[in-house]
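In what follows, a structure is listed as structure tokens, so that the remarks can point back to it.
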Amino acid sequence: MPELYSEILLDHYHLPRNKGELPGETLSVEGANPLCGDEITLHLKFEGDVLLNVTFTGKGCAISLASSSMLTEILMGKTITEIQEWIERFKEFIREGKAPDGVDLGDLAALAGIAKLPVRVKCATLPWSTMKEAISRYKGT
Amino acid sequence: MPELYSEILLDHYHLPRNKGELPGETLSVEGANPLCGDEITLHLKFEGDVLLNVTFTGKGCAISLASSSMLTEILMGKTITEIQEWIERFKEFIREGKAPDGVDLGDLAALAGIAKLPVRVKCATLPWSTMKEAISRYKGT
Amino acid sequence: MKSWEEIRQDFPILNVKINGKPLIYLDSAASSQKPVQVLQSYCGFCEQRYANVHRGIHTLGESATSDYEAARETVAKFVHAPTKDGLIFTRGTTESINLVARSYGHKFIKHGQAIVLTPMEHHANLIPWQLVAKAVGAELRFWPMQEDGTLDFEKGRKLLDNSVAMLCFTHISNVLGTVNPVREMIELAHQVGAKVLVDGAQAVPHMPVDLTELDADFYAFSGHKMLGPTGIGVLWGRPEVLNDMDPFLTGGEMIREVWLDHATWNEIPYKFEAGTPAIAEAVSMAAAARYLTEIGMERVHEHGRGLAKQAYARLSEIEDLTVYGPSEERGALATFNIEGIHPHDIAAILDGDGVAIRAGHHCAQPLMRWLGVAATARASFYIYNSESDIDVLVEAIRTTKKVLQHA
Amino acid sequence: MKSWEEIRQDFPILNVKINGKPLIYLDSAASSQKPVQVLQSYCGFCEQRYANVHRGIHTLGESATSDYEAARETVAKFVHAPTKDGLIFTRGTTESINLVARSYGHKFIKHGQAIVLTPMEHHANLIPWQLVAKAVGAELRFWPMQEDGTLDFEKGRKLLDNSVAMLCFTHISNVLGTVNPVREMIELAHQVGAKVLVDGAQAVPHMPVDLTELDADFYAFSGHKMLGPTGIGVLWGRPEVLNDMDPFLTGGEMIREVWLDHATWNEIPYKFEAGTPAIAEAVSMAAAARYLTEIGMERVHEHGRGLAKQAYARLSEIEDLTVYGPSEERGALATFNIEGIHPHDIAAILDGDGVAIRAGHHCAQPLMRWLGVAATARASFYIYNSESDIDVLVEAIRTTKKVLQHA
Ligand SMILES: Cc1ncc(COP(=O)(O)O)c(C=O)c1O
Ligand SMILES: Cc1ncc(COP(=O)(O)O)c(C=O)c1O
């Protein structure tokens, strides 16, 4: 079994957190990776600066689905500033293959192997770049 | 010294036979090899079917000049049919690198090495293809 | 006669361990591995006979030119081309098709005429024609397929009327494995006066191809899929047609005379080979052709067909697994999906067992849409594969299912 | 630090005997020989890390992709490119220039605008612009040269007005050895809003090139002239400009989404790399760049300059012999003619002594006309040449004169 398909990753894949529609959502944003056929929609409910609730729907590979599931767990309840920090942290993490100094990534750490697999980076990144898009849309409203 | 630059070849190069204009010529035909910059003009005097006299002018490498000189010696006084036979013989000779069975090539034999030097074949062939053109023009008149 | 086991030993890469397991390389449809004979030809040429071609009067210039031209002859013979003058060395199938689209298509296909393609084309044999159609105002028509991924002849025949300028299609589909009836299709197209381009990228490596008999106007293939190097491929074109076409790339070698403000062109095939060609690559593509000829293309074909048939049968037995394309008479590959599992995950988990397959759209996005999927997994075979590779594949797929299928 | 003698030993071809004599290879301006390090990189990659790139999810697909992308980075660094995203792998300089002519020229150069070239351009940097000019109705202007084969700045400056869309010229002339003042010329062109393409085929192998400092919009060079393989070359383009351009070849890899009737494009550089690239060639072109970097490009430059200077001086001493181009500050070559002897004969007779030089028009027919000759002979140098090679050259030329000059 390739290292990437760790127990943690498979757990998020088989038992995705916060999967499903979000009634009363503030907005939803679709992200797609046409080369893979991954399509993930994030559903977000904001109250002012705070992301009260976030869920996801869509289809994709285990990496993009698990990454989406992890994203919802981490960002739930965070402020926009915190979310933006997390997006940057995630980018650095994926590029370097290890957590930025002093940051506890939690389950996300299971994606460390991605840095060595350029073809799969986009799968892990998809929900995060979708989140970035969502924030800029929300702030634009 | 490369084999190709034999004594016979150099002799024709240094002391070209039948080089110069041909007063009273029936026609003259220019052949050129733009890749090398070779330009050879054949001057021909026919009487009916017979090539009474042939000379050449122009510039080129040792191979094309020597080949021109040899051509004039061989074809002088020949009939059109004989000339056409010689053109075919020459082609075969250059392609195969040896004389067709039972044919004495005389000085031309010095060009045998050309078959192995694809880049130079066009130099040796230039006066002969010019001759072919000349015959067809003469017959067309 | 070399045994399949001896043949395997010609491929150094098969000794590489993947995640501690022996490599089972099932991705030859994307690109094949190279035998030592090809690598030795490459290095031997560079170490002993190398120089630029066509203009060198020195010994190395002559040896390189004669090796390069001999390569043209060898490759032309390999596909039984009617003449080697029509054999143009390109970077690969993609460049070959682009050459035809630009130098033939833009010049000869007229407003209101039609270009007929199939829905199973690789992007390389689709996008160049989209651009020609747009530029000249031609119409694109698609020859319909039947449910099993073979072409529907009744419907296709009706598309071929006098307005058709060109029919372009793949000899063997790189996804479905469909082997198209090239001879018949060309005859139909020629009856309405259309020119035909055949994409032979998946055919030339795997079966005897006889261009004289097929009578295509253009035929394209790549070196890297037939045990040869990257960076080299072929366009064969009918000389009369090539002569009428405009040049493609321009520069050295393709010219005859050049002035500051204009130029005239060299004869074919040189007219279409601008600049320093991929000399060492052409020489070792010819070595690959010789290697395959020594094994015998009939035998190569039999072997690939056998593996494809077996793979189709064995994979079809697996629950929730769909194999695409016709069950009989197929190219040396099997493309499939497993219910509820993304093909990328299949490929990644198989890699853990040393099994290299491809997953994605295989440069055939319209065909993916036709199949109603975003992507597929594909196992493809070549002379270094054996039945035991299929055993490992099937076993690895069972593991994948266990890990990834939802309970 | 490796000595020149040790460097020579890296080139297996130097052991080949030509007509029983040691090979003196003086034709590197046409194509350079390859050190074992490059050949080993080629074979090592094919034997251990090969697969098709960009889409493989298996281990070999990943190793090949990462080697290919690392090669892009290495080569970009070698020429100090501001970013590697603008580095497109092509077949060579010729394809690179054709890419710009088609994808930039046809789209952005307008009727009535001018394209400025020089009379010393290689056909590869002339004919593509002739065709653009003809297609869009642009004017070709030629920056005049001075007697010694350097550009006339007074006259050239006047050509550069607001109607100029593009300035295209060679960094170093492959015939005259002229080293053009690239930085100044680019500045002049940018002042009138023109884009600049520099043909670096003869520069990159021989001197440190810093694309960040030069500020060219496009810069083209070939692998095979810098100790690398055939079949690979580079176009570096400014990313903002590349982004605005239409694709060149179309097919796999350069797309983003494809439907039956249209498609969208991938980001740069992939947008310009249709089909399977020359993967192994890119990897070993990077090996060549590393090999040169290890020697040090300053040192390579010094060596070539020294040999060129010496050759110029020694050849000039020979009676009836004319050396072309500037006497100072020249590329690593010397082009010449001997009164009354055709250059083809010089090359052929030198070959008898194992000396490989080039004779002909060197893909620069308009320049030959400017020089008033049909052809020239050229001795060109690289890191495996030494002063003693010039001794042999000069001696062999004396023999040639004895044999061929009329008494
Ligand atoms: C100055 C110059 N430009 C362009 C080229 C063409 O390069 P290539 O044949 O590698 O495309 C050459 C080499 O012949 C050259 O010397
Ligand atoms: C059917 C088909 N056509 C065209 C191509 C493109 O070939 P290349 O990438 O060698 O240009 C391929 C290979 O990917 C193919 O399978």
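The chains in the structure tokens are called A, B, ... from first to last as shown; in each chain the residues are counted from 1, and the ligands are counted from 1 in the order shown.
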
What are the closest atom pairs, with distances in Å to one decimal, for each residue of chain C lying within 7 Å of ligand 2, using only C-alpha atoms and all ligand atoms, rows by chain and rising residue number, as CSV?
residue,atom,partner,partner_atom_place_in_ligand_line,distance
C:Ala29,CA,ligand 2,16 (O),6.3
C:Ala30,CA,ligand 2,14 (O),5.4
C:Gly92,CA,ligand 2,11 (O),4.3
C:Thr93,CA,ligand 2,11 (O),3.9
C:Thr94,CA,ligand 2,11 (O),3.6
C:Glu95,CA,ligand 2,11 (O),6.3
C:Glu121,CA,ligand 2,1 (C),6.7
C:His122,CA,ligand 2,3 (N),5.0
C:Ala124,CA,ligand 2,4 (C),5.3
C:Asn125,CA,ligand 2,3 (N),6.5
C:Thr170,CA,ligand 2,1 (C),5.8
C:Ile172,CA,ligand 2,1 (C),6.5
C:Ser173,CA,ligand 2,1 (C),5.6
C:Asn174,CA,ligand 2,16 (O),4.7
C:Asp199,CA,ligand 2,3 (N),5.7
C:Gly200,CA,ligand 2,1 (C),6.7
C:Ala201,CA,ligand 2,2 (C),4.8
C:Gln202,CA,ligand 2,1 (C),5.4
C:Ser222,CA,ligand 2,10 (O),4.8
C:His224,CA,ligand 2,10 (O),6.7

Using only C-alpha atoms, which residues sit within 12 Å of range 308-317 of chain D once same-chain residues fewer than 2 positions away are excluded, as an mmCIF file with N, CA, C and O atoms, in the first residue's frame?
data_model
loop_
_atom_site.group_PDB
_atom_site.id
_atom_site.type_symbol
_atom_site.label_atom_id
_atom_site.label_comp_id
_atom_site.auth_asym_id
_atom_site.auth_seq_id
_atom_site.Cartn_x
_atom_site.Cartn_y
_atom_site.Cartn_z
ATOM 1 N N LEU D 26 36.572 19.998 -36.305
ATOM 2 C CA LEU D 26 36.445 21.463 -36.342
ATOM 3 C C LEU D 26 35.111 21.852 -36.975
ATOM 4 O O LEU D 26 35.038 22.751 -37.808
ATOM 5 N N LEU D 176 30.437 34.655 -39.774
ATOM 6 C CA LEU D 176 31.420 35.723 -39.555
ATOM 7 C C LEU D 176 32.032 35.663 -38.162
ATOM 8 O O LEU D 176 33.103 36.226 -37.934
ATOM 9 N N GLY D 177 31.350 34.999 -37.254
ATOM 10 C CA GLY D 177 31.824 35.004 -35.878
ATOM 11 C C GLY D 177 31.508 36.300 -35.142
ATOM 12 O O GLY D 177 31.827 36.449 -33.961
ATOM 13 N N THR D 178 30.876 37.239 -35.828
ATOM 14 C CA THR D 178 30.501 38.514 -35.214
ATOM 15 C C THR D 178 29.673 38.284 -33.942
ATOM 16 O O THR D 178 28.722 37.518 -33.954
ATOM 17 N N HIS D 206 28.838 28.732 -26.059
ATOM 18 C CA HIS D 206 30.202 29.254 -26.008
ATOM 19 C C HIS D 206 30.469 30.359 -25.006
ATOM 20 O O HIS D 206 31.615 30.708 -24.780
ATOM 21 N N HIS D 301 34.377 30.160 -22.567
ATOM 22 C CA HIS D 301 34.386 31.344 -23.414
ATOM 23 C C HIS D 301 35.825 31.747 -23.751
ATOM 24 O O HIS D 301 36.184 31.983 -24.907
ATOM 25 N N GLU D 302 36.644 31.799 -22.712
ATOM 26 C CA GLU D 302 38.048 32.178 -22.861
ATOM 27 C C GLU D 302 38.752 31.252 -23.852
ATOM 28 O O GLU D 302 39.474 31.691 -24.750
ATOM 29 N N HIS D 303 38.514 29.970 -23.674
ATOM 30 C CA HIS D 303 39.148 28.950 -24.512
ATOM 31 C C HIS D 303 38.764 29.146 -25.983
ATOM 32 O O HIS D 303 39.624 29.180 -26.865
ATOM 33 N N GLY D 304 37.463 29.290 -26.244
ATOM 34 C CA GLY D 304 36.979 29.447 -27.617
ATOM 35 C C GLY D 304 37.498 30.725 -28.257
ATOM 36 O O GLY D 304 37.898 30.733 -29.427
ATOM 37 N N ARG D 305 37.485 31.794 -27.465
ATOM 38 C CA ARG D 305 37.985 33.066 -27.970
ATOM 39 C C ARG D 305 39.450 32.978 -28.339
ATOM 40 O O ARG D 305 39.890 33.495 -29.361
ATOM 41 N N GLY D 306 40.206 32.312 -27.471
ATOM 42 C CA GLY D 306 41.632 32.154 -27.710
ATOM 43 C C GLY D 306 41.897 31.402 -29.006
ATOM 44 O O GLY D 306 42.715 31.829 -29.834
ATOM 45 N N GLU D 319 49.003 32.658 -47.874
ATOM 46 C CA GLU D 319 48.824 33.404 -49.107
ATOM 47 C C GLU D 319 47.532 33.000 -49.803
ATOM 48 O O GLU D 319 47.162 31.820 -49.792
ATOM 49 N N ASP D 320 46.877 33.951 -50.430
ATOM 50 C CA ASP D 320 45.638 33.714 -51.184
ATOM 51 C C ASP D 320 44.473 33.277 -50.308
ATOM 52 O O ASP D 320 43.450 32.807 -50.812
ATOM 53 N N LEU D 321 44.645 33.385 -49.004
ATOM 54 C CA LEU D 321 43.553 32.965 -48.121
ATOM 55 C C LEU D 321 42.906 34.190 -47.478
ATOM 56 O O LEU D 321 43.597 35.071 -46.977
ATOM 57 N N THR D 322 41.578 34.261 -47.546
ATOM 58 C CA THR D 322 40.835 35.358 -46.917
ATOM 59 C C THR D 322 40.035 34.819 -45.732
ATOM 60 O O THR D 322 39.296 33.843 -45.885
ATOM 61 N N VAL D 323 40.186 35.450 -44.568
ATOM 62 C CA VAL D 323 39.330 35.098 -43.426
ATOM 63 C C VAL D 323 38.259 36.175 -43.308
ATOM 64 O O VAL D 323 38.566 37.364 -43.421
ATOM 65 N N TYR D 324 37.002 35.758 -43.102
ATOM 66 C CA TYR D 324 35.897 36.724 -43.043
ATOM 67 C C TYR D 324 35.575 37.121 -41.607
ATOM 68 O O TYR D 324 35.873 36.396 -40.669
ATOM 69 N N GLY D 325 34.937 38.254 -41.497
ATOM 70 C CA GLY D 325 34.450 38.689 -40.188
ATOM 71 C C GLY D 325 35.483 39.501 -39.432
ATOM 72 O O GLY D 325 36.620 39.666 -39.882
ATOM 73 N N PRO D 326 35.065 40.036 -38.276
ATOM 74 C CA PRO D 326 35.936 40.913 -37.499
ATOM 75 C C PRO D 326 37.156 40.159 -36.970
ATOM 76 O O PRO D 326 37.081 38.959 -36.685
ATOM 77 N N SER D 327 38.269 40.863 -36.829
ATOM 78 C CA SER D 327 39.496 40.206 -36.365
ATOM 79 C C SER D 327 39.496 40.071 -34.845
ATOM 80 O O SER D 327 40.099 39.175 -34.285
ATOM 81 N N GLU D 328 38.822 40.998 -34.170
ATOM 82 C CA GLU D 328 38.788 40.960 -32.698
ATOM 83 C C GLU D 328 37.417 40.489 -32.230
ATOM 84 O O GLU D 328 36.440 40.603 -32.969
ATOM 85 N N GLU D 329 37.346 40.042 -31.002
ATOM 86 C CA GLU D 329 36.075 39.765 -30.353
ATOM 87 C C GLU D 329 35.158 38.915 -31.247
ATOM 88 O O GLU D 329 34.141 39.381 -31.747
ATOM 89 N N ARG D 330 35.579 37.683 -31.461
ATOM 90 C CA ARG D 330 34.787 36.852 -32.374
ATOM 91 C C ARG D 330 34.389 35.535 -31.724
ATOM 92 O O ARG D 330 34.995 35.086 -30.759
ATOM 93 N N GLY D 331 33.356 34.922 -32.265
ATOM 94 C CA GLY D 331 32.918 33.607 -31.835
ATOM 95 C C GLY D 331 33.977 32.564 -32.169
ATOM 96 O O GLY D 331 34.934 32.840 -32.904
ATOM 97 N N ALA D 332 33.800 31.356 -31.656
ATOM 98 C CA ALA D 332 34.831 30.326 -31.733
ATOM 99 C C ALA D 332 34.883 29.664 -33.106
ATOM 100 O O ALA D 332 34.738 28.451 -33.241
ATOM 101 N N LEU D 333 35.135 30.483 -34.131
ATOM 102 C CA LEU D 333 35.188 29.926 -35.480
ATOM 103 C C LEU D 333 35.950 30.857 -36.408
ATOM 104 O O LEU D 333 36.135 32.041 -36.110
ATOM 105 N N ALA D 334 36.400 30.302 -37.521
ATOM 106 C CA ALA D 334 37.064 31.104 -38.555
ATOM 107 C C ALA D 334 36.594 30.593 -39.910
ATOM 108 O O ALA D 334 36.751 29.419 -40.233
ATOM 109 N N THR D 335 35.988 31.510 -40.677
ATOM 110 C CA THR D 335 35.444 31.165 -41.992
ATOM 111 C C THR D 335 36.348 31.775 -43.042
ATOM 112 O O THR D 335 36.766 32.929 -42.908
ATOM 113 N N PHE D 336 36.666 31.019 -44.080
ATOM 114 C CA PHE D 336 37.670 31.504 -45.034
ATOM 115 C C PHE D 336 37.459 30.950 -46.437
ATOM 116 O O PHE D 336 36.635 30.051 -46.655
ATOM 117 N N ASN D 337 38.187 31.495 -47.372
ATOM 118 C CA ASN D 337 38.240 30.993 -48.730
ATOM 119 C C ASN D 337 39.666 31.072 -49.223
ATOM 120 O O ASN D 337 40.440 31.901 -48.753
ATOM 121 N N ILE D 338 40.010 30.182 -50.158
ATOM 122 C CA ILE D 338 41.323 30.242 -50.792
ATOM 123 C C ILE D 338 41.090 30.535 -52.264
ATOM 124 O O ILE D 338 40.297 29.847 -52.925
ATOM 125 N N ALA D 377 34.639 28.012 -46.502
ATOM 126 C CA ALA D 377 35.056 26.914 -45.624
ATOM 127 C C ALA D 377 35.078 27.471 -44.204
ATOM 128 O O ALA D 377 35.370 28.648 -43.991
ATOM 129 N N ARG D 378 34.706 26.632 -43.227
ATOM 130 C CA ARG D 378 34.645 27.125 -41.848
ATOM 131 C C ARG D 378 35.251 26.112 -40.880
ATOM 132 O O ARG D 378 34.864 24.944 -40.879
ATOM 133 N N ALA D 379 36.190 26.586 -40.083
ATOM 134 C CA ALA D 379 36.706 25.762 -38.984
ATOM 135 C C ALA D 379 36.109 26.325 -37.703
ATOM 136 O O ALA D 379 36.205 27.517 -37.449
ATOM 137 N N SER D 380 35.458 25.471 -36.917
ATOM 138 C CA SER D 380 34.863 25.972 -35.676
ATOM 139 C C SER D 380 35.345 25.123 -34.508
ATOM 140 O O SER D 380 35.621 23.936 -34.651
ATOM 141 N N PHE D 381 35.423 25.756 -33.344
ATOM 142 C CA PHE D 381 36.134 25.168 -32.209
ATOM 143 C C PHE D 381 35.223 24.974 -31.009
ATOM 144 O O PHE D 381 34.216 25.672 -30.864
ATOM 145 N N TYR D 382 35.640 24.036 -30.158
ATOM 146 C CA TYR D 382 34.915 23.865 -28.901
ATOM 147 C C TYR D 382 35.898 23.376 -27.841
ATOM 148 O O TYR D 382 37.104 23.348 -28.075
ATOM 149 N N ILE D 383 35.347 22.985 -26.720
ATOM 150 C CA ILE D 383 36.218 22.682 -25.580
ATOM 151 C C ILE D 383 37.175 21.525 -25.814
ATOM 152 O O ILE D 383 38.157 21.381 -25.110
ATOM 153 N N ASN D 385 38.919 21.099 -28.525
ATOM 154 C CA ASN D 385 39.959 21.482 -29.469
ATOM 155 C C ASN D 385 41.091 22.183 -28.738
ATOM 156 O O ASN D 385 40.891 22.745 -27.656
ATOM 157 N N SER D 386 42.261 22.143 -29.385
ATOM 158 C CA SER D 386 43.432 22.758 -28.759
ATOM 159 C C SER D 386 44.238 23.471 -29.838
ATOM 160 O O SER D 386 43.941 23.363 -31.028
ATOM 161 N N GLU D 387 45.264 24.176 -29.392
ATOM 162 C CA GLU D 387 46.102 24.888 -30.355
ATOM 163 C C GLU D 387 46.741 23.945 -31.365
ATOM 164 O O GLU D 387 46.947 24.304 -32.517
ATOM 165 N N SER D 388 47.046 22.743 -30.924
ATOM 166 C CA SER D 388 47.709 21.818 -31.852
ATOM 167 C C SER D 388 46.760 21.441 -32.994
ATOM 168 O O SER D 388 47.196 21.094 -34.087
ATOM 169 N N ASP D 389 45.438 21.513 -32.750
ATOM 170 C CA ASP D 389 44.488 21.278 -33.845
ATOM 171 C C ASP D 389 44.652 22.342 -34.928
ATOM 172 O O ASP D 389 44.488 22.074 -36.118
ATOM 173 N N ILE D 390 44.958 23.564 -34.492
ATOM 174 C CA ILE D 390 45.147 24.641 -35.474
ATOM 175 C C ILE D 390 46.422 24.395 -36.281
ATOM 176 O O ILE D 390 46.459 24.642 -37.488
ATOM 177 N N ASP D 391 47.463 23.843 -35.611
ATOM 178 C CA ASP D 391 48.673 23.469 -36.351
ATOM 179 C C ASP D 391 48.330 22.494 -37.471
ATOM 180 O O ASP D 391 48.742 22.663 -38.617
ATOM 181 N N VAL D 392 47.589 21.460 -37.116
ATOM 182 C CA VAL D 392 47.248 20.439 -38.120
ATOM 183 C C VAL D 392 46.412 21.065 -39.229
ATOM 184 O O VAL D 392 46.624 20.801 -40.420
ATOM 185 N N LEU D 393 45.465 21.924 -38.840
ATOM 186 C CA LEU D 393 44.617 22.601 -39.832
ATOM 187 C C LEU D 393 45.468 23.392 -40.822
ATOM 188 O O LEU D 393 45.316 23.265 -42.049
ATOM 189 N N VAL D 394 46.365 24.192 -40.297
ATOM 190 C CA VAL D 394 47.176 25.050 -41.153
ATOM 191 C C VAL D 394 48.056 24.203 -42.084
ATOM 192 O O VAL D 394 48.150 24.476 -43.290
ATOM 193 N N GLU D 395 48.620 23.146 -41.535
ATOM 194 C CA GLU D 395 49.451 22.262 -42.336
ATOM 195 C C GLU D 395 48.623 21.624 -43.458
ATOM 196 O O GLU D 395 49.048 21.564 -44.619
ATOM 197 N N ALA D 396 47.427 21.177 -43.104
ATOM 198 C CA ALA D 396 46.572 20.513 -44.087
ATOM 199 C C ALA D 396 46.127 21.490 -45.177
ATOM 200 O O ALA D 396 45.979 21.116 -46.350
ATOM 201 N N ILE D 397 45.932 22.737 -44.796
ATOM 202 C CA ILE D 397 45.565 23.732 -45.808
ATOM 203 C C ILE D 397 46.714 23.955 -46.786
ATOM 204 O O ILE D 397 46.510 24.093 -47.992
ATOM 205 N N ARG D 398 47.929 23.915 -46.261
ATOM 206 C CA ARG D 398 49.082 24.080 -47.163
ATOM 207 C C ARG D 398 49.135 22.938 -48.175
ATOM 208 O O ARG D 398 49.390 23.156 -49.359
#

Once DSSP has gone over the backbone, tell me which residues of range 273-313 of chain C are in alpha helix (DSSP H), as a short mmCIF file (atom, residue, chain, number, x, y, z; two decimals) with N, CA and C atoms, in the first residue's frame.
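Writing the result to part27.cif gives the following:
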data_model
loop_
_atom_site.label_atom_id
_atom_site.label_comp_id
_atom_site.auth_asym_id
_atom_site.auth_seq_id
_atom_site.Cartn_x
_atom_site.Cartn_y
_atom_site.Cartn_z
N ILE C 279 18.67 13.51 -35.28
CA ILE C 279 19.49 12.56 -36.04
C ILE C 279 19.67 11.25 -35.28
N ALA C 280 20.21 11.34 -34.07
CA ALA C 280 20.47 10.12 -33.30
C ALA C 280 19.16 9.39 -33.01
N GLU C 281 18.08 10.15 -32.86
CA GLU C 281 16.79 9.56 -32.57
C GLU C 281 16.27 8.79 -33.79
N ALA C 282 16.45 9.33 -34.98
CA ALA C 282 16.02 8.62 -36.18
C ALA C 282 16.81 7.32 -36.31
N VAL C 283 18.12 7.42 -36.08
CA VAL C 283 18.96 6.23 -36.20
C VAL C 283 18.50 5.15 -35.21
N SER C 284 18.15 5.55 -34.00
CA SER C 284 17.77 4.47 -33.07
C SER C 284 16.29 4.11 -33.15
N MET C 285 15.48 4.95 -33.76
CA MET C 285 14.12 4.49 -34.10
C MET C 285 14.23 3.35 -35.12
N ALA C 286 15.18 3.49 -36.05
CA ALA C 286 15.39 2.41 -37.03
C ALA C 286 15.86 1.15 -36.32
N ALA C 287 16.70 1.31 -35.29
CA ALA C 287 17.15 0.14 -34.52
C ALA C 287 15.96 -0.54 -33.86
N ALA C 288 15.00 0.26 -33.39
CA ALA C 288 13.79 -0.31 -32.78
C ALA C 288 12.99 -1.09 -33.83
N ALA C 289 12.89 -0.52 -35.02
CA ALA C 289 12.17 -1.21 -36.10
C ALA C 289 12.84 -2.54 -36.44
N ARG C 290 14.17 -2.52 -36.46
CA ARG C 290 14.89 -3.77 -36.75
C ARG C 290 14.68 -4.79 -35.64
N TYR C 291 14.68 -4.31 -34.40
CA TYR C 291 14.48 -5.20 -33.26
C TYR C 291 13.10 -5.88 -33.35
N LEU C 292 12.09 -5.08 -33.66
CA LEU C 292 10.73 -5.63 -33.79
C LEU C 292 10.63 -6.58 -34.98
N THR C 293 11.30 -6.22 -36.07
CA THR C 293 11.26 -7.07 -37.25
C THR C 293 11.89 -8.42 -36.97
N GLU C 294 12.96 -8.39 -36.16
CA GLU C 294 13.62 -9.65 -35.83
C GLU C 294 12.69 -10.57 -35.03
N ILE C 295 11.95 -9.99 -34.12
CA ILE C 295 10.97 -10.80 -33.39
C ILE C 295 9.88 -11.25 -34.35
N MET C 297 6.67 -9.06 -36.61
CA MET C 297 5.50 -8.29 -36.21
C MET C 297 4.25 -9.15 -36.09
N GLU C 298 4.20 -10.26 -36.81
CA GLU C 298 3.06 -11.17 -36.66
C GLU C 298 3.04 -11.74 -35.25
N ARG C 299 4.25 -12.08 -34.79
CA ARG C 299 4.36 -12.67 -33.46
C ARG C 299 4.05 -11.63 -32.38
N VAL C 300 4.54 -10.41 -32.60
CA VAL C 300 4.26 -9.31 -31.66
C VAL C 300 2.74 -9.10 -31.57
N HIS C 301 2.11 -9.11 -32.73
CA HIS C 301 0.66 -8.89 -32.81
C HIS C 301 -0.09 -9.99 -32.04
N GLU C 302 0.29 -11.21 -32.30
CA GLU C 302 -0.35 -12.37 -31.65
C GLU C 302 -0.24 -12.26 -30.13
N HIS C 303 0.95 -11.91 -29.69
CA HIS C 303 1.24 -11.80 -28.27
C HIS C 303 0.34 -10.72 -27.62
N GLY C 304 0.29 -9.55 -28.23
CA GLY C 304 -0.50 -8.44 -27.69
C GLY C 304 -1.98 -8.77 -27.69
N ARG C 305 -2.43 -9.36 -28.77
CA ARG C 305 -3.84 -9.75 -28.87
C ARG C 305 -4.20 -10.75 -27.79
N GLY C 306 -3.30 -11.71 -27.59
CA GLY C 306 -3.55 -12.74 -26.57
C GLY C 306 -3.68 -12.12 -25.18
N LEU C 307 -2.75 -11.22 -24.85
CA LEU C 307 -2.79 -10.60 -23.53
C LEU C 307 -4.04 -9.74 -23.36
N ALA C 308 -4.39 -9.02 -24.43
CA ALA C 308 -5.57 -8.14 -24.35
C ALA C 308 -6.83 -8.96 -24.14
N LYS C 309 -6.91 -10.06 -24.85
CA LYS C 309 -8.10 -10.93 -24.75
C LYS C 309 -8.21 -11.49 -23.34
N GLN C 310 -7.08 -11.95 -22.84
CA GLN C 310 -7.09 -12.52 -21.50
C GLN C 310 -7.41 -11.47 -20.44
N ALA C 311 -6.81 -10.28 -20.61
CA ALA C 311 -7.07 -9.21 -19.65
C ALA C 311 -8.55 -8.85 -19.67
N TYR C 312 -9.10 -8.75 -20.87
CA TYR C 312 -10.52 -8.41 -20.99
C TYR C 312 -11.36 -9.43 -20.22
N ALA C 313 -11.06 -10.70 -20.43
CA ALA C 313 -11.85 -11.76 -19.80
C ALA C 313 -11.67 -11.75 -18.28
#

Neighbours of chain A in chain C at 12 Å, counting only C-alpha atoms, as a VMD selection string: chain C and resid 18 to 21 340 to 355 358 to 365 368 to 369 372 to 377 396 to 397 399 to 400 402 to 407

Would you mind writing down, as a ChimeraX atom specification, each residue of range 3-129 of chain B that DSSP on the backbone assigns to strand (DSSP E)? /B:27-33,38-47,50-59

Taken to one decimal, the CA of Gly233 in chain C-CA of Ala81 in chain C distance is 14.8 Å

Env of Ile114 in chain A: 10 Å cut, atoms = only C-alpha atoms, seq-sep filter 2 positions within chain, self excluded. Answer as a PyMOL selection string. chain A and resi 3-4+63+93-97+110-112+116-125

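If you measure from each of D:Phe169, D:Trp236, D:Tyr270, D:Trp370 to ligand 1 using only C-alpha atoms and all ligand atoms, the closest one turns out to be D:Phe169.
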
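Take CA of Ala135 in chain C and CA of Ile109 in chain D: the distance between them is 18.2 Å.
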
So that I can check the surroundings of range 76-78 of chain A, please list as a list in words every protein, DNA and RNA residue that reaches within 7 Å of it, counting only C-alpha atoms and ignoring chain neighbours fewer than 6 positions away. Val50, Leu51, Leu52, Asn53 and Val54 of chain A

Test item: residues at most 12 Å from Glu184 in chain C, only C-alpha atoms, excluding those fewer than 4 positions along its chain, as number ranges by chain: C: 151, 153, 156-157, 171, 180, 188-191, 196, 213-216
